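One file, final-v6.txt, carrying compact mmCIF, C-alpha atoms:
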```
# COMPACT_ATOMS: atom_id res chain seq x y z
CA MET U 1 52.92 60.21 87.30
CA GLY U 2 55.37 59.84 90.15
CA THR U 3 55.35 61.72 93.39
CA ASP U 4 58.18 64.25 93.30
CA MET U 5 59.92 66.78 91.06
CA TYR U 6 62.82 69.21 90.87
CA ALA U 7 62.23 72.81 91.96
CA LEU U 8 64.27 75.94 92.69
CA VAL U 9 63.54 76.74 96.30
CA LYS U 10 64.31 79.62 98.63
CA GLU U 11 64.79 77.30 101.60
CA GLN U 12 65.76 79.88 104.20
CA ALA U 13 66.38 83.57 104.71
CA GLY U 14 69.55 84.62 102.91
CA PRO U 15 71.00 84.88 99.40
CA GLY U 16 70.76 82.12 96.81
CA LEU U 17 68.43 79.28 95.82
CA LYS U 18 68.64 75.51 96.10
CA LEU U 19 67.74 72.93 93.47
CA ALA U 20 65.70 70.48 95.52
CA ARG U 21 63.37 67.52 95.21
CA LYS U 22 59.91 68.16 96.57
CA PRO U 23 56.44 66.60 96.28
CA ARG U 24 54.66 67.15 92.99
CA PRO U 25 51.48 69.18 93.55
CA GLU U 26 48.11 67.55 92.91
CA PRO U 27 45.30 69.65 91.41
CA GLY U 28 42.32 70.09 93.69
CA PRO U 29 38.80 71.02 92.56
CA GLY U 30 38.93 73.87 90.05
CA GLU U 31 42.71 73.62 89.62
CA VAL U 32 45.01 72.68 86.74
CA LEU U 33 48.41 70.98 86.90
CA ILE U 34 50.90 72.37 84.36
CA LYS U 35 54.05 70.54 83.27
CA ILE U 36 56.61 73.32 82.86
CA ARG U 37 58.62 73.50 79.62
CA LYS U 38 60.42 76.85 79.83
CA THR U 39 60.68 79.64 82.38
CA ALA U 40 62.24 83.10 82.32
CA ILE U 41 64.03 84.85 85.17
CA CYS U 42 62.30 88.07 86.22
CA GLY U 43 63.73 91.03 88.10
CA THR U 44 61.56 89.98 91.03
CA ASP U 45 63.23 86.55 91.02
CA LEU U 46 66.61 88.30 91.09
CA HIS U 47 65.53 90.33 94.13
CA ILE U 48 64.56 87.09 95.88
CA TYR U 49 67.80 85.36 94.85
CA ASN U 50 69.86 88.27 96.18
CA TRP U 51 67.68 88.53 99.30
CA ASP U 52 67.36 92.31 99.22
CA ALA U 53 65.30 94.48 101.57
CA TRP U 54 62.07 93.93 99.60
CA SER U 55 62.53 90.15 99.70
CA GLN U 56 63.28 90.13 103.42
CA LYS U 57 60.00 91.93 104.00
CA ASN U 58 57.77 90.00 101.58
CA ILE U 59 59.13 86.45 101.08
CA LYS U 60 58.48 83.70 103.60
CA PRO U 61 60.75 80.64 103.04
CA PRO U 62 60.54 77.85 102.19
CA LEU U 63 59.15 78.86 98.80
CA THR U 64 59.47 77.69 95.21
CA ILE U 65 59.90 80.92 93.23
CA GLY U 66 59.26 81.90 89.59
CA HIS U 67 56.24 83.22 87.70
CA GLU U 68 57.23 83.51 84.02
CA TYR U 69 56.61 80.23 82.20
CA VAL U 70 55.10 78.16 79.42
CA GLY U 71 54.03 74.55 79.73
CA GLU U 72 51.34 72.01 78.97
CA ILE U 73 48.35 70.77 80.90
CA ALA U 74 49.26 67.58 82.75
CA ALA U 75 46.12 67.03 84.84
CA LEU U 76 42.73 68.62 85.51
CA GLY U 77 41.13 68.92 88.92
CA ALA U 78 37.51 68.05 89.58
CA GLY U 79 35.03 70.30 87.82
CA VAL U 80 37.48 71.88 85.38
CA LEU U 81 36.01 72.26 81.90
CA GLY U 82 37.26 73.79 78.65
CA TYR U 83 40.86 72.54 78.76
CA THR U 84 42.50 69.41 77.37
CA LEU U 85 45.49 67.36 78.46
CA GLY U 86 48.64 68.35 76.55
CA GLU U 87 47.30 71.81 75.67
CA ARG U 88 49.98 74.52 75.61
CA VAL U 89 49.35 77.17 78.26
CA SER U 90 50.81 79.90 80.39
CA GLY U 91 49.06 81.54 83.31
CA GLU U 92 48.19 84.83 84.95
CA GLY U 93 50.55 85.14 87.90
CA HIS U 94 48.18 87.02 90.18
CA ILE U 95 45.70 84.81 92.04
CA VAL U 96 42.79 87.10 92.96
CA CYS U 97 39.87 86.60 95.34
CA GLY U 98 37.05 86.86 92.80
CA HIS U 99 34.70 88.37 95.35
CA CYS U 100 35.82 91.95 96.07
CA ARG U 101 34.39 95.00 94.32
CA ASN U 102 37.25 95.24 91.82
CA CYS U 103 37.17 91.53 90.93
CA ARG U 104 33.43 91.63 90.36
CA ALA U 105 33.81 94.77 88.23
CA GLY U 106 36.33 93.03 85.98
CA ASN U 107 39.29 94.86 87.52
CA GLY U 108 41.09 91.92 89.10
CA GLN U 109 44.44 93.71 88.65
CA TRP U 110 43.37 95.88 91.59
CA CYS U 111 42.24 93.05 93.89
CA LYS U 112 43.25 93.89 97.46
CA ASP U 113 43.86 90.22 98.29
CA THR U 114 46.12 89.30 95.35
CA LYS U 115 48.50 86.38 95.89
CA GLY U 116 51.50 86.25 93.58
CA VAL U 117 52.65 82.95 92.08
CA GLY U 118 56.27 82.45 93.15
CA VAL U 119 55.98 85.27 95.71
CA ASN U 120 53.13 84.44 98.08
CA ARG U 121 52.65 80.82 96.98
CA ASP U 122 54.79 78.19 95.27
CA GLY U 123 55.83 79.19 91.78
CA ALA U 124 56.88 78.01 88.35
CA PHE U 125 60.61 77.29 88.76
CA ALA U 126 59.73 73.63 89.02
CA GLN U 127 58.81 70.74 86.79
CA TYR U 128 55.15 71.15 87.71
CA LEU U 129 52.93 74.05 88.80
CA CYS U 130 49.37 74.01 90.11
CA ILE U 131 47.12 77.08 89.64
CA PRO U 132 43.37 77.80 89.54
CA ALA U 133 41.81 77.00 86.18
CA CYS U 134 40.58 80.60 85.88
CA ASN U 135 44.22 81.74 85.77
CA VAL U 136 45.22 79.42 82.91
CA VAL U 137 45.87 81.14 79.57
CA PRO U 138 45.78 78.98 76.40
CA ILE U 139 48.69 79.81 74.07
CA SER U 140 48.73 79.56 70.28
CA ASP U 141 51.19 77.03 68.87
CA ALA U 142 52.25 79.77 66.42
CA PHE U 143 54.16 81.65 69.12
CA ASP U 144 57.80 80.83 69.88
CA GLU U 145 58.02 78.94 73.16
CA ASP U 146 60.96 80.96 74.48
CA ILE U 147 59.00 84.19 74.01
CA VAL U 148 55.90 82.75 75.66
CA ALA U 149 58.11 81.92 78.65
CA PHE U 150 58.24 85.65 79.51
CA PHE U 151 54.65 86.59 78.61
CA ASP U 152 54.14 87.68 82.23
CA ALA U 153 56.78 90.42 81.86
CA TYR U 154 55.60 91.20 78.32
CA GLY U 155 52.19 91.73 79.93
CA ASN U 156 53.63 94.31 82.36
CA ALA U 157 55.13 96.16 79.40
CA THR U 158 51.91 95.93 77.40
CA HIS U 159 49.69 97.13 80.25
CA THR U 160 51.98 100.12 80.82
CA ALA U 161 52.61 101.03 77.17
CA LEU U 162 48.93 100.82 76.23
CA MET U 163 47.66 102.79 79.22
CA TYR U 164 47.58 105.94 77.08
CA ASP U 165 47.18 106.59 73.37
CA VAL U 166 50.67 106.89 71.86
CA VAL U 167 49.70 107.35 68.19
CA GLY U 168 51.74 110.28 66.86
CA GLU U 169 53.07 111.07 70.34
CA ASP U 170 56.54 111.63 71.78
CA VAL U 171 57.18 109.02 74.48
CA LEU U 172 59.81 108.99 77.24
CA ILE U 173 60.70 105.65 78.84
CA THR U 174 62.89 105.81 81.95
CA GLY U 175 64.59 102.46 82.56
CA ALA U 176 65.94 100.09 79.89
CA GLY U 177 65.40 96.81 81.69
CA PRO U 178 63.62 94.11 79.68
CA ILE U 179 60.17 95.55 80.44
CA GLY U 180 61.19 99.08 79.44
CA VAL U 181 62.77 97.75 76.25
CA MET U 182 59.62 95.79 75.39
CA ALA U 183 57.54 98.89 76.07
CA ALA U 184 59.65 100.81 73.55
CA ALA U 185 58.95 98.17 70.91
CA ILE U 186 55.23 98.24 71.71
CA CYS U 187 55.02 102.04 71.48
CA ARG U 188 56.78 102.01 68.11
CA GLN U 189 54.48 99.30 66.78
CA ASN U 190 51.46 101.29 67.93
CA GLY U 191 52.36 104.51 66.15
CA ALA U 192 54.46 106.66 68.49
CA ARG U 193 56.33 109.42 66.67
CA SER U 194 59.43 109.13 68.83
CA VAL U 195 60.40 106.84 71.71
CA ILE U 196 63.37 107.99 73.79
CA VAL U 197 64.74 105.62 76.44
CA THR U 198 67.00 106.62 79.34
CA ASP U 199 69.21 104.48 81.57
CA LEU U 200 72.75 104.28 82.96
CA ASN U 201 73.55 100.94 81.28
CA ASP U 202 74.96 101.13 77.74
CA TYR U 203 74.32 97.42 77.11
CA ARG U 204 70.61 97.77 77.75
CA LEU U 205 70.36 101.07 75.89
CA ALA U 206 71.83 99.31 72.83
CA MET U 207 69.16 96.65 73.25
CA ALA U 208 66.48 99.36 73.36
CA ARG U 209 67.73 100.70 70.03
CA ARG U 210 67.62 97.21 68.51
CA MET U 211 64.04 96.88 69.72
CA GLY U 212 62.86 100.11 68.12
CA ALA U 213 63.70 103.07 70.35
CA THR U 214 64.25 106.12 68.14
CA ASP U 215 66.91 107.47 70.50
CA THR U 216 68.56 106.58 73.80
CA VAL U 217 70.24 108.65 76.51
CA ASN U 218 72.78 107.52 79.07
CA VAL U 219 71.87 110.07 81.73
CA GLY U 220 75.24 109.59 83.41
CA ARG U 221 76.98 111.48 80.61
CA GLU U 222 74.37 112.68 78.09
CA LYS U 223 71.59 115.26 78.19
CA LEU U 224 68.02 114.18 77.61
CA GLU U 225 67.29 117.69 76.31
CA ASP U 226 69.69 117.05 73.41
CA ALA U 227 67.68 113.98 72.38
CA MET U 228 64.49 116.04 72.57
CA HIS U 229 66.09 118.59 70.24
CA ARG U 230 67.09 115.82 67.80
CA ALA U 231 63.48 114.62 67.83
CA LYS U 232 62.27 118.17 66.99
CA MET U 233 60.11 118.26 70.10
CA VAL U 234 58.55 121.61 70.95
CA GLU U 235 56.63 121.47 74.25
CA GLY U 236 57.86 118.31 75.96
CA PHE U 237 56.93 114.64 76.12
CA ASP U 238 53.29 113.67 75.62
CA VAL U 239 53.50 110.30 77.37
CA GLY U 240 55.94 109.04 80.00
CA LEU U 241 56.49 105.41 81.04
CA GLU U 242 58.43 105.16 84.33
CA MET U 243 60.13 101.75 84.45
CA SER U 244 63.24 102.43 86.53
CA GLY U 245 62.04 102.92 90.08
CA SER U 246 64.45 105.86 90.30
CA GLY U 247 63.25 109.00 92.05
CA ALA U 248 65.73 111.06 90.02
CA ALA U 249 64.39 109.61 86.77
CA LEU U 250 60.79 110.36 87.76
CA SER U 251 61.70 113.92 88.72
CA GLN U 252 63.41 114.47 85.38
CA MET U 253 60.40 112.99 83.58
CA LEU U 254 58.02 115.35 85.37
CA SER U 255 60.15 118.36 84.46
CA LEU U 256 60.16 117.48 80.76
CA MET U 257 56.50 116.59 80.23
CA ARG U 258 54.31 118.97 78.28
CA ASN U 259 51.32 120.54 80.01
CA GLY U 260 48.55 117.95 80.11
CA GLY U 261 50.99 115.08 79.68
CA LYS U 262 50.31 111.57 80.96
CA ILE U 263 52.59 109.20 82.90
CA ALA U 264 52.18 105.48 83.58
CA MET U 265 54.29 104.28 86.51
CA LEU U 266 55.44 100.65 86.79
CA GLY U 267 58.84 101.04 88.49
CA ILE U 268 58.83 100.52 92.26
CA LEU U 269 60.23 103.58 94.00
CA ALA U 270 62.38 103.37 97.11
CA ALA U 271 60.92 104.61 100.39
CA GLY U 272 61.27 108.35 100.77
CA ALA U 273 61.44 109.19 97.05
CA GLN U 274 60.36 112.79 96.55
CA VAL U 275 58.96 114.72 93.59
CA ASP U 276 57.91 118.32 92.99
CA TRP U 277 54.15 118.00 93.43
CA ASN U 278 53.65 121.55 92.13
CA GLU U 279 55.06 120.37 88.80
CA ILE U 280 52.23 117.85 88.61
CA ILE U 281 49.59 120.35 89.72
CA PHE U 282 50.51 123.32 87.55
CA LYS U 283 51.14 121.22 84.44
CA GLY U 284 47.89 119.32 84.89
CA LEU U 285 49.69 115.99 84.58
CA THR U 286 47.97 112.61 84.89
CA LEU U 287 49.83 109.83 86.75
CA THR U 288 48.58 106.25 86.83
CA GLY U 289 50.07 103.41 88.84
CA ILE U 290 50.41 100.09 86.98
CA TYR U 291 50.32 96.70 88.67
CA GLY U 292 50.39 93.41 86.80
CA ARG U 293 48.18 92.96 83.77
CA ARG U 294 44.52 93.51 82.97
CA MET U 295 42.86 90.14 83.29
CA PHE U 296 42.60 89.15 80.59
CA GLU U 297 42.45 91.94 78.02
CA THR U 298 46.21 92.52 78.28
CA TRP U 299 46.86 88.86 77.37
CA TYR U 300 44.67 89.25 74.28
CA LYS U 301 46.61 92.33 73.15
CA MET U 302 49.92 90.54 73.76
CA GLY U 303 48.99 87.77 71.34
CA THR U 304 47.56 90.03 68.66
CA MET U 305 50.62 92.29 68.65
CA LEU U 306 52.84 89.26 68.03
CA GLU U 307 50.52 88.22 65.21
CA ALA U 308 50.86 91.73 63.79
CA GLY U 309 54.65 91.39 63.64
CA LEU U 310 56.04 92.52 66.99
CA ASP U 311 59.39 90.73 67.33
CA LEU U 312 60.61 90.18 70.89
CA SER U 313 63.29 87.61 70.02
CA PRO U 314 66.25 90.08 70.25
CA LEU U 315 65.44 90.41 73.94
CA ILE U 316 66.54 86.82 74.68
CA THR U 317 70.26 86.79 75.48
CA HIS U 318 70.87 83.63 77.53
CA ARG U 319 69.49 80.09 77.59
CA TYR U 320 70.33 77.44 80.21
CA HIS U 321 69.05 74.11 81.47
CA PHE U 322 67.41 74.46 84.88
CA THR U 323 70.32 72.59 86.47
CA GLU U 324 72.53 75.55 85.39
CA PHE U 325 70.34 78.11 87.14
CA GLU U 326 73.35 79.69 88.86
CA LYS U 327 74.67 80.77 85.45
CA GLY U 328 71.30 82.31 84.67
CA PHE U 329 71.22 84.37 87.84
CA ALA U 330 74.86 85.40 87.33
CA ALA U 331 73.91 86.70 83.87
CA MET U 332 71.05 88.67 85.41
CA ASN U 333 73.28 90.12 88.12
CA SER U 334 75.91 91.14 85.55
CA GLY U 335 73.64 93.87 84.16
CA GLU U 336 74.50 92.65 80.66
CA SER U 337 71.53 90.45 79.86
CA GLY U 338 68.04 90.65 78.48
CA LYS U 339 65.71 87.77 79.18
CA VAL U 340 67.30 84.60 80.55
CA ILE U 341 65.46 81.37 79.69
CA LEU U 342 65.60 78.15 81.73
CA ASP U 343 64.72 74.85 80.02
CA TRP U 344 62.87 72.39 82.27
CA SER U 345 63.12 69.34 80.00
CA GLU U 346 64.51 66.30 81.79
CA GLU U 347 67.48 66.01 79.44
CA ALA U 348 70.46 67.91 80.82
```
In structure tokens, write the structure found in this file.
Amino acid sequence: MGTDMYALVKEQAGPGLKLARKPRPEPGPGEVLIKIRKTAICGTDLHIYNWDAWSQKNIKPPLTIGHEYVGEIAALGAGVLGYTLGERVSGEGHIVCGHCRNCRAGNGQWCKDTKGVGVNRDGAFAQYLCIPACNVVPISDAFDEDIVAFFDAYGNATHTALMYDVVGEDVLITGAGPIGVMAAAICRQNGARSVIVTDLNDYRLAMARRMGATDTVNVGREKLEDAMHRAKMVEGFDVGLEMSGSGAALSQMLSLMRNGGKIAMLGILAAGAQVDWNEIIFKGLTLTGIYGRRMFETWYKMGTMLEAGLDLSPLITHRYHFTEFEKGFAAMNSGESGKVILDWSEEA
């Protein structure tokens, strides 16, 4: 099969990535080698590209990054059963220990020893990726390949949006990045009465409306209370999905929840973010932190929602060959993009 491949590598501390040749991984016992077809650029990848404070703390170069992908099985390690060469697959991006209390209880999303593909170990922005067979997810040929490329992010949105029952409820989503926008579409498909999305970016708020949000609010110049009035809300939001990582957005969400409301938190807050804890106590609010996806119930729900008609295609705004990766990251940094897809076929 040859001995090397192209990969996007964070070679050293500092901004940017390098397209490099490196040895092709070989699957060991219990591992699967995946030939990558398409990948999608995640917000985490953008953090690593820009080399922000989080990346400086968590990323150890040299590292091949990337964790959103679709491909086909190219080779099976010793002892791997149940998969066939050429089968279309994606993969769960969190490699868990399998031995801790949470793993053994079926709650691998809470494993204390999680290793992230493309964060703590070499990732999917390459022509080949090697992962444990237990992390491989078979993918129906009925699903569009470009959409499957960002199933990892779709899984974050699904895990968050399905944390609480939204049937007939008024839902507030703070943050109109791709995951927040997908969450809006999921809540609408699953019976929410109203889904109001807030952000400071008009481009992404327009995308949220295209994906099913019943109303949007640019909090830089509009009042969220006006949108609540338009939605004929009486007591406040029933369910909140915090996707922005903004302390101000979380504080506003807390102030506008009804008593007994429920909040799922996916956005990563900056150090020192403060909230009014008495608001949580006296309203009897429930807050749940979300990390990754349920393994593998979330993946099942992701597929069945697509089969039921959930359309994520409007979220894709840019497509490039992997050799044009700089254009892809520029689109992400512009703030005017949805999902950016990289094609890993050998033809330029």
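Among U:Leu312, U:Leu33, U:Tyr6, U:Val119, the residue with the shortest atom-to-atom distance to U:Leu19, counting all atoms listed in the file, is U:Tyr6.
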Name all residues at most 8 Å from stretch 230-245 of chain U (count all atoms listed in the file; drop same-chain ones fewer than 5 positions away) and give them as a PDB file with C-alpha atoms, in the frame of the given file.
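Printed below is selection_36.pdb as written:
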```pdb
ATOM      1  CA  THR U 160      51.980 100.120  80.820  1.00  0.00           C
ATOM      2  CA  ALA U 161      52.610 101.030  77.170  1.00  0.00           C
ATOM      3  CA  TYR U 164      47.580 105.940  77.080  1.00  0.00           C
ATOM      4  CA  VAL U 166      50.670 106.890  71.860  1.00  0.00           C
ATOM      5  CA  GLU U 169      53.070 111.070  70.340  1.00  0.00           C
ATOM      6  CA  ASP U 170      56.540 111.630  71.780  1.00  0.00           C
ATOM      7  CA  VAL U 171      57.180 109.020  74.480  1.00  0.00           C
ATOM      8  CA  LEU U 172      59.810 108.990  77.240  1.00  0.00           C
ATOM      9  CA  ILE U 173      60.700 105.650  78.840  1.00  0.00           C
ATOM     10  CA  THR U 174      62.890 105.810  81.950  1.00  0.00           C
ATOM     11  CA  GLY U 175      64.590 102.460  82.560  1.00  0.00           C
ATOM     12  CA  ALA U 176      65.940 100.090  79.890  1.00  0.00           C
ATOM     13  CA  GLY U 177      65.400  96.810  81.690  1.00  0.00           C
ATOM     14  CA  ILE U 179      60.170  95.550  80.440  1.00  0.00           C
ATOM     15  CA  GLY U 180      61.190  99.080  79.440  1.00  0.00           C
ATOM     16  CA  SER U 194      59.430 109.130  68.830  1.00  0.00           C
ATOM     17  CA  LEU U 250      60.790 110.360  87.760  1.00  0.00           C
ATOM     18  CA  MET U 253      60.400 112.990  83.580  1.00  0.00           C
ATOM     19  CA  LEU U 256      60.160 117.480  80.760  1.00  0.00           C
ATOM     20  CA  MET U 257      56.500 116.590  80.230  1.00  0.00           C
ATOM     21  CA  ARG U 258      54.310 118.970  78.280  1.00  0.00           C
ATOM     22  CA  ASN U 259      51.320 120.540  80.010  1.00  0.00           C
ATOM     23  CA  GLY U 260      48.550 117.950  80.110  1.00  0.00           C
ATOM     24  CA  GLY U 261      50.990 115.080  79.680  1.00  0.00           C
ATOM     25  CA  LYS U 262      50.310 111.570  80.960  1.00  0.00           C
ATOM     26  CA  ILE U 263      52.590 109.200  82.900  1.00  0.00           C
ATOM     27  CA  ALA U 264      52.180 105.480  83.580  1.00  0.00           C
ATOM     28  CA  MET U 265      54.290 104.280  86.510  1.00  0.00           C
ATOM     29  CA  LEU U 266      55.440 100.650  86.790  1.00  0.00           C
ATOM     30  CA  GLY U 267      58.840 101.040  88.490  1.00  0.00           C
ATOM     31  CA  ILE U 268      58.830 100.520  92.260  1.00  0.00           C
ATOM     32  CA  LEU U 269      60.230 103.580  94.000  1.00  0.00           C
ATOM     33  CA  ALA U 270      62.380 103.370  97.110  1.00  0.00           C
TER      34      ALA U 270
END
```
| message | Here is a test: counting only C-alpha atoms, which residue of U:Leu17, U:Lys60, U:Cys42, U:Met163 is nearest to U:Ile290? | response |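 Using only C-alpha atoms, U:Ile290 sits closest to U:Met163.
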- Residue with smallest distance to U:Ile73 - pool U:Ile131, U:Gln252, U:Arg121, U:Cys111, counting all atoms listed in the file: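 Closest to U:Ile73 of all the choices is U:Ile131.
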Distance in Å - atom CA of U:Asp122 versus atom CA of U:Asn102: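 A separation of 24.7 Å between them.
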Practice task
Would you list the contacts of U:Pro23 as a PyMOL selection string, taking every protein, DNA or RNA residue within 7 Å and counting only C-alpha atoms, but skipping same-chain residues closer than 4 positions in sequence?
Solution key: chain U and resi 3-5
Quiz item: What separation in Å, quoted to one decimal, exists between atom CA of U:Asn120 and atom CA of U:Gly289?
Solution: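 About the pair atom CA of U:Asn120 and atom CA of U:Gly289: they are 21.3 Å apart.
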Margin query: If I take atom CA of U:Ala330 and atom CA of U:Ser55, how far is one from the other in Å, to one decimal?
Written below: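 According to the coordinates, atom CA of U:Ala330 and atom CA of U:Ser55 are separated by 18.1 Å.
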| request: Would you mind telling me which residue in U:Pro314, U:Gly247, U:Pro62, U:Gly106 lies nearest to U:Arg210 when using all atoms listed in the file? | output: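 For U:Arg210, the nearest of the given residues is U:Pro314.
Take the candidates U:Ala124, U:Ala40, U:Ala20, U:Ala7 and check each one against U:Arg319 using all atoms listed in the file; the shortest distance goes to U:Ala40.
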So, with all atoms listed in the file as the atoms that count, which of U:Val32, U:Leu205, U:Ile280, U:Ala74 lies closest to U:Gly335?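 Of the candidates, the smallest distance to U:Gly335 is held by U:Leu205.
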* **Contact residues around U:Ala308 with only C-alpha atoms at 12 Å, ignoring same-chain residues under 3 positions, as a PyMOL selection string** => chain U and resi 143+186+189-190+301-305+311
Neighbouring residues of U:Ala53 were defined as those with any atom within 12 Å, considering all atoms listed in the file; residues of the same chain fewer than 4 positions away were excluded. Please report them as a ChimeraX atom specification. /U:13-15,47-49,57-59,270-271
Worksheet item: Got a sec to check which residues sit within 8 Å of (63.5, 102.1, 73.6), counting only C-alpha atoms, and write them as an MDAnalysis selection string?
Response: chainID U and resid 173 176 180:185 195:197 205 207:209 211:216
Set the distance at 7 Å and use only C-alpha atoms: which residues neighbour U:Gly191 once local chain neighbours fewer than 4 positions away are removed? I'd like the list as a PyMOL selection string. chain U and resi 166-168+187
